[in-house]
file entry-v9.tsv (TSV, C-alpha atoms)
chain	number	residue	atom	x	y	z
A	1	MET	CA	0.00	0.00	0.00
A	2	ALA	CA	2.79	2.35	0.89
A	3	THR	CA	4.64	1.91	-2.37
A	4	SER	CA	1.58	2.01	-4.59
A	5	THR	CA	0.33	5.33	-3.26
A	6	ALA	CA	3.80	6.80	-3.11
A	7	SER	CA	4.30	6.04	-6.77
A	8	SER	CA	0.84	7.27	-7.73
A	9	ILE	CA	1.76	10.70	-6.44
A	10	SER	CA	5.11	10.16	-8.15
A	11	LEU	CA	7.40	10.65	-5.21
A	12	SER	CA	10.64	8.68	-5.34
A	13	LEU	CA	12.03	7.38	-2.08
A	14	ASN	CA	14.58	10.14	-2.02
A	15	ASP	CA	12.03	12.86	-2.77
A	16	ARG	CA	9.77	11.40	-0.14
A	17	LEU	CA	12.44	11.55	2.54
A	18	VAL	CA	13.42	15.08	1.57
A	19	ALA	CA	9.79	16.20	1.63
A	20	GLY	CA	9.19	14.37	4.91
A	21	ILE	CA	12.17	15.87	6.71
A	22	PHE	CA	11.36	19.29	5.29
A	23	ALA	CA	7.78	18.96	6.55
A	24	LEU	CA	8.99	17.84	9.97
A	25	LEU	CA	11.35	20.81	10.25
A	26	ILE	CA	8.79	23.43	9.20
A	27	GLY	CA	6.09	21.79	11.31
A	28	ALA	CA	8.32	21.69	14.38
A	29	PHE	CA	9.24	25.33	13.82
A	30	LEU	CA	5.59	26.42	13.60
A	31	VAL	CA	4.50	24.38	16.60
A	32	PHE	CA	7.46	25.65	18.60
A	33	GLY	CA	6.68	29.24	17.68
A	34	ALA	CA	3.00	29.01	18.53
A	35	GLY	CA	3.27	26.70	21.48
A	36	LEU	CA	6.60	26.89	23.24
A	37	ALA	CA	8.62	29.96	22.25
A	38	ASN	CA	9.55	32.04	25.25
A	39	SER	CA	8.52	35.40	23.82
A	40	ALA	CA	6.05	37.66	25.56
A	41	VAL	CA	4.36	38.74	22.33
A	42	LEU	CA	4.05	35.19	21.01
A	43	HIS	CA	2.84	34.05	24.41
A	44	ASP	CA	0.12	36.67	24.66
A	45	THR	CA	-1.05	36.18	21.10
A	46	ALA	CA	-1.21	32.41	21.43
A	47	HIS	CA	-2.31	32.41	25.07
A	48	ASP	CA	-5.69	30.73	24.72
A	49	THR	CA	-4.36	28.36	22.09
A	50	ARG	CA	-1.49	27.30	24.31
A	51	HIS	CA	-3.84	26.53	27.16
A	52	SER	CA	-6.34	24.73	24.95
A	53	TYR	CA	-3.71	22.50	23.44
A	54	GLY	CA	-2.24	21.73	26.82
A	55	PHE	CA	1.14	23.21	25.97
A	56	PRO	CA	3.10	23.93	29.11
A	57	CYS	CA	2.33	27.63	29.59
A	58	HIS	CA	3.52	30.20	32.13
B	1	MET	CA	5.92	17.69	-6.09
B	2	ILE	CA	7.53	18.28	-2.74
B	3	VAL	CA	5.98	21.73	-2.64
B	4	LYS	CA	2.56	20.30	-3.52
B	5	THR	CA	2.82	17.73	-0.76
B	6	LEU	CA	3.73	20.38	1.77
B	7	LEU	CA	0.98	22.70	0.51
B	8	ALA	CA	-1.57	19.91	0.89
B	9	ALA	CA	-0.50	19.45	4.50
B	10	ILE	CA	-0.65	23.17	5.19
B	11	VAL	CA	-4.16	23.46	3.71
B	12	ALA	CA	-5.36	20.56	5.85
B	13	GLY	CA	-3.80	22.19	8.90
B	14	LEU	CA	-5.45	25.55	8.21
B	15	ILE	CA	-8.86	23.90	7.85
B	16	ALA	CA	-8.36	22.00	11.09
B	17	GLY	CA	-7.16	25.22	12.74
B	18	VAL	CA	-10.33	27.07	11.79
B	19	PHE	CA	-12.39	24.18	13.10
B	20	MET	CA	-10.35	24.15	16.30
B	21	THR	CA	-10.98	27.84	16.83
B	22	ALA	CA	-14.73	27.30	16.70
B	23	ALA	CA	-14.54	24.34	19.06
B	24	GLN	CA	-12.33	26.30	21.45
B	25	GLU	CA	-14.62	29.32	21.49
B	26	MET	CA	-17.50	27.06	22.44
B	27	ARG	CA	-15.93	24.73	24.96
B	28	VAL	CA	-12.56	25.96	26.18
B	29	VAL	CA	-12.22	29.74	26.08
B	30	PRO	CA	-15.17	30.37	28.44
B	31	LEU	CA	-13.42	28.24	31.05
B	32	ILE	CA	-10.14	30.12	30.54
B	33	LEU	CA	-11.91	33.45	30.97
B	34	HIS	CA	-13.70	32.17	34.03
B	35	ALA	CA	-10.44	30.97	35.56
B	36	GLU	CA	-8.77	34.30	34.89
B	37	GLU	CA	-11.31	35.96	37.19
B	38	TYR	CA	-9.73	33.95	39.98
B	39	GLU	CA	-6.24	34.55	38.73
B	40	GLY	CA	-6.05	37.87	40.61
B	41	GLU	CA	-8.71	39.97	38.88
B	42	ALA	CA	-6.19	40.64	36.10
B	43	PRO	CA	-7.53	39.65	32.70
B	44	MET	CA	-4.20	39.59	30.98
B	45	ALA	CA	-4.20	38.98	27.28
B	46	ASP	CA	-6.58	41.72	26.26
B	47	GLN	CA	-4.84	44.63	27.91
B	48	PRO	CA	-1.36	45.98	27.33
B	49	ALA	CA	1.33	45.50	29.95
B	50	THR	CA	1.32	49.17	30.89
B	51	GLN	CA	-2.23	48.89	32.19
B	52	GLU	CA	-1.35	46.18	34.70
B	53	PRO	CA	-3.21	46.70	37.95
B	54	ALA	CA	-1.03	47.63	40.91
B	55	ALA	CA	-1.74	44.30	42.57
B	56	ALA	CA	-0.18	42.42	39.72
B	57	ASP	CA	2.87	44.63	39.89
B	58	HIS	CA	3.27	43.83	43.51
B	59	ASP	CA	3.05	40.09	42.83
B	60	GLN	CA	5.55	40.52	40.09
B	61	HIS	CA	8.11	41.87	42.49
B	62	SER	CA	7.58	39.18	45.04
B	63	SER	CA	8.31	36.66	42.33
B	64	LEU	CA	11.38	38.54	41.14
B	65	ASN	CA	12.83	38.26	44.62
B	66	GLY	CA	12.25	34.53	44.39
B	67	THR	CA	15.96	33.84	43.98
B	68	SER	CA	16.88	34.96	47.50
B	69	PRO	CA	15.99	32.68	50.42
B	70	LEU	CA	13.68	35.29	51.88
B	71	GLY	CA	12.03	35.82	48.52
B	72	ALA	CA	11.62	32.07	48.13
B	73	LEU	CA	9.93	31.94	51.52
B	74	VAL	CA	7.67	34.85	50.62
B	75	SER	CA	6.66	33.34	47.31
B	76	ALA	CA	6.13	29.94	48.94
B	77	LEU	CA	3.75	31.49	51.46
B	78	SER	CA	2.13	33.77	48.94
B	79	PRO	CA	-1.31	32.79	47.64
B	80	VAL	CA	-0.05	33.84	44.23
B	81	THR	CA	1.17	30.75	42.46
B	82	PRO	CA	4.50	30.61	40.66
B	83	ALA	CA	2.63	30.07	37.42
B	84	TYR	CA	0.73	33.29	37.83
B	85	ALA	CA	3.80	35.24	38.84
B	86	HIS	CA	5.72	33.90	35.89
B	87	GLU	CA	3.06	34.95	33.45
B	88	HIS	CA	3.26	38.53	34.56
B	89	GLU	CA	7.01	38.39	34.50
B	90	GLY	CA	6.73	37.49	30.84
B	91	GLU	CA	4.25	40.25	30.21
B	92	HIS	CA	6.43	42.85	31.76
B	93	GLU	CA	8.97	42.59	28.99
B	94	GLU	CA	6.69	44.10	26.36
B	95	GLY	CA	3.73	41.77	26.13
B	96	GLY	CA	0.60	42.36	24.16
B	97	ILE	CA	-0.87	40.64	21.16
B	98	MET	CA	1.10	41.02	17.95
B	99	PHE	CA	-0.09	43.39	15.22
B	100	GLY	CA	-2.59	44.84	17.69
B	101	LEU	CA	-4.98	41.99	17.02
B	102	SER	CA	-7.98	41.31	19.18
B	103	ARG	CA	-7.76	38.41	21.56
B	104	PHE	CA	-9.94	36.26	19.31
B	105	SER	CA	-7.90	37.08	16.21
B	106	GLY	CA	-4.73	36.23	18.08
B	107	THR	CA	-6.17	32.88	19.04
B	108	LEU	CA	-7.34	32.25	15.49
B	109	LEU	CA	-3.90	33.12	14.13
B	110	ALA	CA	-2.21	30.87	16.67
B	111	ASN	CA	-4.61	28.04	15.87
B	112	LEU	CA	-3.88	28.38	12.15
B	113	VAL	CA	-0.14	28.30	12.77
B	114	THR	CA	-0.44	25.40	15.20
B	115	GLY	CA	-2.76	23.51	12.85
B	116	ALA	CA	-0.39	23.91	9.93
B	117	GLY	CA	2.50	22.93	12.18
B	118	PHE	CA	0.90	19.73	13.44
B	119	SER	CA	-0.33	18.93	9.96
B	120	LEU	CA	3.20	19.26	8.56
B	121	LEU	CA	4.55	17.11	11.37
B	122	LEU	CA	1.93	14.45	10.64
B	123	ALA	CA	2.66	14.57	6.91
B	124	GLY	CA	6.39	14.50	7.62
B	125	VAL	CA	6.09	11.39	9.77
B	126	SER	CA	3.89	9.79	7.12
B	127	LEU	CA	6.42	10.53	4.37
B	128	VAL	CA	9.45	9.42	6.36
B	129	ILE	CA	7.97	6.11	7.52
B	130	GLY	CA	6.26	5.50	4.17
B	131	TYR	CA	2.67	5.09	5.33
B	132	PRO	CA	0.48	7.49	3.34
B	133	ILE	CA	-2.42	9.28	5.02
B	134	THR	CA	-5.61	8.42	3.12
B	135	LEU	CA	-9.27	9.21	3.61
B	136	ALA	CA	-9.73	5.65	4.88
B	137	ASN	CA	-7.04	5.79	7.57
B	138	GLY	CA	-7.03	9.52	8.26
B	139	ALA	CA	-9.02	9.23	11.49
B	140	LEU	CA	-6.53	6.67	12.80
B	141	TRP	CA	-3.63	8.97	11.94
B	142	GLY	CA	-5.39	11.75	13.79
B	143	ALA	CA	-6.12	9.57	16.80
B	144	PHE	CA	-2.48	8.57	17.06
B	145	GLY	CA	-1.38	12.17	16.76
B	146	TRP	CA	-3.72	13.04	19.61
B	147	LEU	CA	-2.38	10.20	21.73
B	148	ALA	CA	1.21	11.28	21.19
B	149	VAL	CA	0.77	15.03	21.49
B	150	HIS	CA	-2.05	15.33	23.99
B	151	LEU	CA	-3.24	12.31	25.95
B	152	LEU	CA	0.11	10.76	26.85
B	153	PRO	CA	1.77	14.05	27.90
B	154	ALA	CA	-1.44	14.95	29.77
B	155	ILE	CA	-0.86	11.98	32.09
B	156	GLY	CA	2.06	13.89	33.58
B	157	LEU	CA	1.06	17.46	32.77
B	158	PRO	CA	-2.74	17.81	32.50
B	159	PRO	CA	-3.95	20.79	30.48
B	160	GLU	CA	-3.73	23.66	32.94
B	161	LEU	CA	-5.86	26.72	33.41
B	162	PRO	CA	-4.38	30.18	33.97
B	163	GLY	CA	-3.68	30.51	37.67
B	164	PHE	CA	-2.95	26.84	38.20
B	165	PRO	CA	0.19	25.98	40.12
B	166	ALA	CA	2.94	24.57	37.97
B	167	ALA	CA	6.62	23.75	38.08
B	168	GLU	CA	9.35	25.72	36.32
B	169	LEU	CA	8.25	26.46	32.74
B	170	GLY	CA	11.50	25.32	31.09
B	171	ASP	CA	11.47	21.97	32.91
B	172	ARG	CA	7.89	21.33	31.88
B	173	GLN	CA	8.56	22.25	28.26
B	174	VAL	CA	11.52	19.89	28.12
B	175	TRP	CA	9.51	17.07	29.69
B	176	TRP	CA	6.55	17.77	27.41
B	177	SER	CA	8.65	17.83	24.24
B	178	ALA	CA	10.54	14.69	25.22
B	179	THR	CA	7.29	12.90	26.06
B	180	VAL	CA	5.70	13.83	22.73
B	181	LEU	CA	8.77	12.60	20.86
B	182	LEU	CA	9.14	9.35	22.83
B	183	SER	CA	5.39	8.67	22.66
B	184	ALA	CA	5.33	9.19	18.89
B	185	VAL	CA	8.27	6.85	18.32
B	186	GLY	CA	6.80	4.38	20.81
B	187	LEU	CA	3.38	4.41	19.12
B	188	TYR	CA	5.03	3.85	15.74
B	189	LEU	CA	6.97	0.85	17.05
B	190	LEU	CA	3.90	-0.47	18.86
B	191	ALA	CA	1.35	-0.05	16.10
B	192	LEU	CA	3.17	-0.26	12.80
B	193	ARG	CA	6.11	-2.62	13.33
B	194	PRO	CA	5.38	-6.33	13.11
B	195	GLU	CA	8.27	-7.50	15.33
B	196	LEU	CA	7.49	-8.44	18.92
B	197	VAL	CA	10.70	-6.78	20.13
B	198	ALA	CA	9.67	-3.50	18.49
B	199	LYS	CA	6.34	-3.59	20.31
B	200	ILE	CA	8.03	-4.15	23.66
B	201	VAL	CA	10.52	-1.34	23.00
B	202	GLY	CA	7.62	0.85	21.90
B	203	LEU	CA	5.77	0.25	25.16
B	204	ALA	CA	8.94	0.97	27.10
B	205	LEU	CA	9.45	4.25	25.23
B	206	ILE	CA	5.86	5.31	25.94
B	207	ALA	CA	6.19	4.41	29.62
B	208	ALA	CA	9.67	5.87	30.17
B	209	PRO	CA	8.75	9.58	30.56
B	210	GLN	CA	5.78	8.67	32.77
B	211	ILE	CA	7.99	6.57	35.04
B	212	TYR	CA	10.60	9.34	35.09
B	213	GLY	CA	7.80	11.68	36.08
B	214	ALA	CA	6.73	15.15	35.01
B	215	PRO	CA	8.01	18.21	36.88
B	216	GLN	CA	5.45	18.99	39.59
B	217	PRO	CA	4.89	22.24	41.51
B	218	LEU	CA	6.00	22.34	45.13
B	219	ASP	CA	2.92	24.21	46.22
B	220	ILE	CA	-0.35	23.04	44.70
B	221	SER	CA	-2.64	25.62	46.28
B	222	SER	CA	-4.62	27.66	43.79
B	223	ASN	CA	-7.41	30.21	43.73
B	224	VAL	CA	-8.99	28.53	40.74
B	225	PRO	CA	-11.79	26.11	41.70
B	226	ALA	CA	-10.96	22.47	41.10
B	227	VAL	CA	-14.25	21.93	39.27
B	228	LEU	CA	-13.16	24.41	36.62
B	229	GLY	CA	-9.87	22.58	36.28
B	230	ALA	CA	-11.59	19.23	35.77
B	231	GLU	CA	-14.02	20.66	33.22
B	232	PHE	CA	-11.15	22.36	31.45
B	233	ALA	CA	-8.98	19.25	31.27
B	234	VAL	CA	-11.80	17.26	29.69
B	235	ALA	CA	-12.78	20.10	27.35
B	236	ALA	CA	-9.18	20.62	26.23
B	237	LEU	CA	-8.61	16.92	25.57
B	238	ALA	CA	-11.97	16.55	23.81
B	239	THR	CA	-11.46	19.55	21.52
B	240	THR	CA	-7.92	18.51	20.64
B	241	LEU	CA	-9.17	15.01	19.84
B	242	ALA	CA	-11.74	16.55	17.51
B	243	PHE	CA	-9.00	18.73	16.02
B	244	TRP	CA	-6.77	15.75	15.29
B	245	LEU	CA	-9.61	13.70	13.83
B	246	VAL	CA	-10.52	16.57	11.50
B	247	LEU	CA	-6.87	17.06	10.65
B	248	GLY	CA	-6.33	13.39	9.83
B	249	VAL	CA	-9.49	13.00	7.76
B	250	VAL	CA	-8.97	16.27	5.85
B	251	SER	CA	-5.32	15.37	5.21
B	252	GLY	CA	-6.41	11.99	3.89
B	253	PHE	CA	-9.08	13.55	1.73
B	254	ILE	CA	-6.67	16.03	0.18
B	255	ASN	CA	-4.05	13.32	-0.34
B	256	ASP	CA	-6.60	11.10	-2.06
B	257	ARG	CA	-7.67	13.94	-4.31
B	258	PHE	CA	-4.07	14.54	-5.23
B	259	ALA	CA	-3.50	10.89	-5.97
B	260	LYS	CA	-6.60	10.70	-8.17
B	261	ALA	CA	-5.76	13.89	-9.99
B	262	ARG	CA	-2.45	12.44	-11.19
call {"tool": "encode", "arguments": {"input": "entry-v9.tsv", "output": "structure tokens"}}
result
Amino acid sequence: MATSTASSISLSLNDRLVAGIFALLIGAFLVFGAGLANSAVLHDTAHDTRHSYGFPCH
Amino acid sequence: MIVKTLLAAIVAGLIAGVFMTAAQEMRVVPLILHAEEYEGEAPMADQPATQEPAAADHDQHSSLNGTSPLGALVSALSPVTPAYAHEHEGEHEEGGIMFGLSRFSGTLLANLVTGAGFSLLLAGVSLVIGYPITLANGALWGAFGWLAVHLLPAIGLPPELPGFPAAELGDRQVWWSATVLLSAVGLYLLALRPELVAKIVGLALIAAPQIYGAPQPLDISSNVPAVLGAEFAVAALATTLAFWLVLGVVSGFINDRFAKAR
């Protein structure tokens, strides 16, 4: 199943890994920024979100 | 193709983020606002730092002295929890919502960013381990994401309301991040690897941070009623579960559409 779908969206193994790692890096960056970053402005903007998602918050 | 794959994940995350905002406004935000009334009569996020009430300023200073033994004693005896004091410490260094947004817009923005972030993480895991997210298995993907990011860390660090006592922020963030990572790897080994050894290692990885234990506050007294805390914990876990289910299913739907379009 894995290989059939991967080929149907024409991603080679190498492309897939590159895309996957890229996605992980950007995703981690976004989640860190919204959820964990120790900045007062980010904290206040994301305050309710941080609490709702159960991120450790102040 | 890489860009398309990432865009698909981002779109799914934005949709889930919008959904999450609606769910939060209904179930979670009212509880946060209610808890903030007990937090010291200082509704924080919707007023700039300069308009802090004098009481909050005073608390702030008692927490700043927390490094000296006397200060530690004062803050230990103080009804103001470390969590509360810390929040205002953060606010003092130029807080306020970015771009002058309203509180709701700030939450919406943060939900969109968080949704896209989690969606990219989910897609990234899927790409790296080679199990595509489809419409058929999207809900399962979402459920596992929720287990790894919310339920398992919540065993040690339940979703907390403003004003709840809590240990040092940095310690909790490290424990939380490590638990999410270990739980995700553990769930992968447990659910997707056929080998018996992998399943045992997976269970061990999931259990390890729980056995190690989350950082706990020394003083658990709080002004916030426990009933609110219980309602909030359930509401937070329920809305995040809904968020992950939507995220998984929408991701699968978009992936399927992509696959068919080829």
call {"tool": "residues_around", "arguments": {"input": "entry-v9.tsv", "residues": "Val128 (chain B)", "least_positions_apart": "3", "cutoff": "9 Å", "atoms": "only C-alpha atoms", "output": "ChimeraX atom specification"}}
result
/A:16-21 /B:123-125,131
call {"tool": "closest_residue", "arguments": {"input": "entry-v9.tsv", "among": "A:Ala46, A:His58, A:Asp15, A:Ser52", "to": "Ala34 (chain A)", "atoms": "all atoms listed in the file"}}
result
A:Ala46
call {"tool": "residues_around", "arguments": {"input": "entry-v9.tsv", "residues": "Ala8 (chain B)", "least_positions_apart": "2", "cutoff": "8 Å", "atoms": "all atoms listed in the file", "output": "list in words"}}
result
Lys4, Thr5, Leu6, Ile10, Val11, Ala12, Ser251, Ile254 and Asn255 of chain B
call {"tool": "interface_residues", "arguments": {"input": "entry-v9.tsv", "of": "chain A", "to": "chain B", "cutoff": "7 Å", "atoms": "only C-alpha atoms", "output": "PyMOL selection string"}}
result
chain A and resi 2+5+8-9+16-17+19-21+23-24+26-28+30-31+34+40-41+44-46+48-49+51-54+56-58
call {"tool": "write_last_selection", "arguments": {"input": "entry-v9.tsv", "atoms": "C-alpha atoms", "output": "PDB file, in the coordinates of the input"}}
result
ATOM      1  CA  ALA A   2       2.790   2.350   0.890  1.00  0.00           C
ATOM      2  CA  THR A   5       0.330   5.330  -3.260  1.00  0.00           C
ATOM      3  CA  SER A   8       0.840   7.270  -7.730  1.00  0.00           C
ATOM      4  CA  ILE A   9       1.760  10.700  -6.440  1.00  0.00           C
ATOM      5  CA  ARG A  16       9.770  11.400  -0.140  1.00  0.00           C
ATOM      6  CA  LEU A  17      12.440  11.550   2.540  1.00  0.00           C
ATOM      7  CA  ALA A  19       9.790  16.200   1.630  1.00  0.00           C
ATOM      8  CA  GLY A  20       9.190  14.370   4.910  1.00  0.00           C
ATOM      9  CA  ILE A  21      12.170  15.870   6.710  1.00  0.00           C
ATOM     10  CA  ALA A  23       7.780  18.960   6.550  1.00  0.00           C
ATOM     11  CA  LEU A  24       8.990  17.840   9.970  1.00  0.00           C
ATOM     12  CA  ILE A  26       8.790  23.430   9.200  1.00  0.00           C
ATOM     13  CA  GLY A  27       6.090  21.790  11.310  1.00  0.00           C
ATOM     14  CA  ALA A  28       8.320  21.690  14.380  1.00  0.00           C
ATOM     15  CA  LEU A  30       5.590  26.420  13.600  1.00  0.00           C
ATOM     16  CA  VAL A  31       4.500  24.380  16.600  1.00  0.00           C
ATOM     17  CA  ALA A  34       3.000  29.010  18.530  1.00  0.00           C
ATOM     18  CA  ALA A  40       6.050  37.660  25.560  1.00  0.00           C
ATOM     19  CA  VAL A  41       4.360  38.740  22.330  1.00  0.00           C
ATOM     20  CA  ASP A  44       0.120  36.670  24.660  1.00  0.00           C
ATOM     21  CA  THR A  45      -1.050  36.180  21.100  1.00  0.00           C
ATOM     22  CA  ALA A  46      -1.210  32.410  21.430  1.00  0.00           C
ATOM     23  CA  ASP A  48      -5.690  30.730  24.720  1.00  0.00           C
ATOM     24  CA  THR A  49      -4.360  28.360  22.090  1.00  0.00           C
ATOM     25  CA  HIS A  51      -3.840  26.530  27.160  1.00  0.00           C
ATOM     26  CA  SER A  52      -6.340  24.730  24.950  1.00  0.00           C
ATOM     27  CA  TYR A  53      -3.710  22.500  23.440  1.00  0.00           C
ATOM     28  CA  GLY A  54      -2.240  21.730  26.820  1.00  0.00           C
ATOM     29  CA  PRO A  56       3.100  23.930  29.110  1.00  0.00           C
ATOM     30  CA  CYS A  57       2.330  27.630  29.590  1.00  0.00           C
ATOM     31  CA  HIS A  58       3.520  30.200  32.130  1.00  0.00           C
TER      32      HIS A  58
END
call {"tool": "atom_distance", "arguments": {"input": "entry-v9.tsv", "atom1": "CA of Tyr212 (chain B)", "atom2": "CA of Gly186 (chain B)"}}
result
15.6 Å
call {"tool": "atom_distance", "arguments": {"input": "entry-v9.tsv", "atom1": "CA of Gly138 (chain B)", "atom2": "CA of Phe253 (chain B)"}}
result
7.9 Å
call {"tool": "atom_distance", "arguments": {"input": "entry-v9.tsv", "atom1": "CA of Leu135 (chain B)", "atom2": "CA of Val249 (chain B)"}}
result
5.6 Å
call {"tool": "closest_residue", "arguments": {"input": "entry-v9.tsv", "among": "B:Leu140, B:Leu187, B:Leu147, B:Met26", "to": "Gly248 (chain B)", "atoms": "all atoms listed in the file"}}
result
B:Leu140
call {"tool": "residues_near_point", "arguments": {"input": "entry-v9.tsv", "point": "(4.5, 10.5, 27.9)", "cutoff": "8 Å", "atoms": "all atoms listed in the file", "output": "mmCIF file with C-alpha atoms, in the coordinates of the input"}}
result
data_model
loop_
_atom_site.group_PDB
_atom_site.id
_atom_site.type_symbol
_atom_site.label_atom_id
_atom_site.label_comp_id
_atom_site.auth_asym_id
_atom_site.auth_seq_id
_atom_site.Cartn_x
_atom_site.Cartn_y
_atom_site.Cartn_z
ATOM 1 C CA ALA B 148 1.210 11.280 21.190
ATOM 2 C CA LEU B 152 0.110 10.760 26.850
ATOM 3 C CA PRO B 153 1.770 14.050 27.900
ATOM 4 C CA ALA B 154 -1.440 14.950 29.770
ATOM 5 C CA ILE B 155 -0.860 11.980 32.090
ATOM 6 C CA GLY B 156 2.060 13.890 33.580
ATOM 7 C CA TRP B 176 6.550 17.770 27.410
ATOM 8 C CA ALA B 178 10.540 14.690 25.220
ATOM 9 C CA THR B 179 7.290 12.900 26.060
ATOM 10 C CA VAL B 180 5.700 13.830 22.730
ATOM 11 C CA LEU B 182 9.140 9.350 22.830
ATOM 12 C CA SER B 183 5.390 8.670 22.660
ATOM 13 C CA ILE B 206 5.860 5.310 25.940
ATOM 14 C CA ALA B 207 6.190 4.410 29.620
ATOM 15 C CA ALA B 208 9.670 5.870 30.170
ATOM 16 C CA PRO B 209 8.750 9.580 30.560
ATOM 17 C CA GLN B 210 5.780 8.670 32.770
#
call {"tool": "axis_aligned_box", "arguments": {"input": "entry-v9.tsv", "around": "region 206-218 of chain B", "padding_each_side": "5 Å", "output": "lines of an AutoDock Vina configuration file"}}
result
center_x = 7.7
center_y = 13.4
center_z = 35.5
size_x = 15.7
size_y = 27.9
size_z = 29.2
call {"tool": "decode", "arguments": {"input": "entry-v9.tsv", "residues": "region 17-35 of chain A", "atoms": "N, CA and C atoms", "output": "short mmCIF file (atom, residue, chain, number, x, y, z; two decimals), in the first residue's frame"}}
result
data_model
loop_
_atom_site.label_atom_id
_atom_site.label_comp_id
_atom_site.auth_asym_id
_atom_site.auth_seq_id
_atom_site.Cartn_x
_atom_site.Cartn_y
_atom_site.Cartn_z
N LEU A 17 11.70 11.26 1.31
CA LEU A 17 12.44 11.55 2.54
C LEU A 17 12.74 13.05 2.66
N VAL A 18 13.14 13.64 1.54
CA VAL A 18 13.42 15.08 1.57
C VAL A 18 12.17 15.85 1.97
N ALA A 19 11.04 15.52 1.31
CA ALA A 19 9.79 16.20 1.63
C ALA A 19 9.41 15.96 3.08
N GLY A 20 9.58 14.71 3.54
CA GLY A 20 9.19 14.37 4.91
C GLY A 20 10.00 15.15 5.93
N ILE A 21 11.31 15.17 5.74
CA ILE A 21 12.17 15.87 6.71
C ILE A 21 11.91 17.37 6.66
N PHE A 22 11.71 17.87 5.45
CA PHE A 22 11.36 19.29 5.29
C PHE A 22 10.07 19.60 6.06
N ALA A 23 9.06 18.75 5.87
CA ALA A 23 7.78 18.96 6.55
C ALA A 23 7.97 18.90 8.06
N LEU A 24 8.77 17.96 8.52
CA LEU A 24 8.99 17.84 9.97
C LEU A 24 9.65 19.11 10.51
N LEU A 25 10.64 19.62 9.77
CA LEU A 25 11.35 20.81 10.25
C LEU A 25 10.42 22.02 10.31
N ILE A 26 9.68 22.26 9.21
CA ILE A 26 8.79 23.43 9.20
C ILE A 26 7.70 23.26 10.26
N GLY A 27 7.15 22.05 10.34
CA GLY A 27 6.09 21.79 11.31
C GLY A 27 6.58 22.02 12.73
N ALA A 28 7.77 21.51 13.04
CA ALA A 28 8.32 21.69 14.38
C ALA A 28 8.54 23.17 14.67
N PHE A 29 9.01 23.89 13.65
CA PHE A 29 9.24 25.33 13.82
C PHE A 29 7.93 26.06 14.15
N LEU A 30 6.87 25.75 13.38
CA LEU A 30 5.59 26.42 13.60
C LEU A 30 5.02 26.08 14.98
N VAL A 31 5.07 24.79 15.32
CA VAL A 31 4.50 24.38 16.60
C VAL A 31 5.31 24.99 17.74
N PHE A 32 6.63 25.03 17.57
CA PHE A 32 7.46 25.65 18.60
C PHE A 32 7.11 27.13 18.76
N GLY A 33 6.97 27.81 17.63
CA GLY A 33 6.68 29.24 17.68
C GLY A 33 5.34 29.52 18.35
N ALA A 34 4.32 28.76 17.98
CA ALA A 34 3.00 29.01 18.53
C ALA A 34 2.87 28.48 19.95
N GLY A 35 3.55 27.38 20.23
CA GLY A 35 3.27 26.70 21.48
C GLY A 35 4.29 26.86 22.57
#
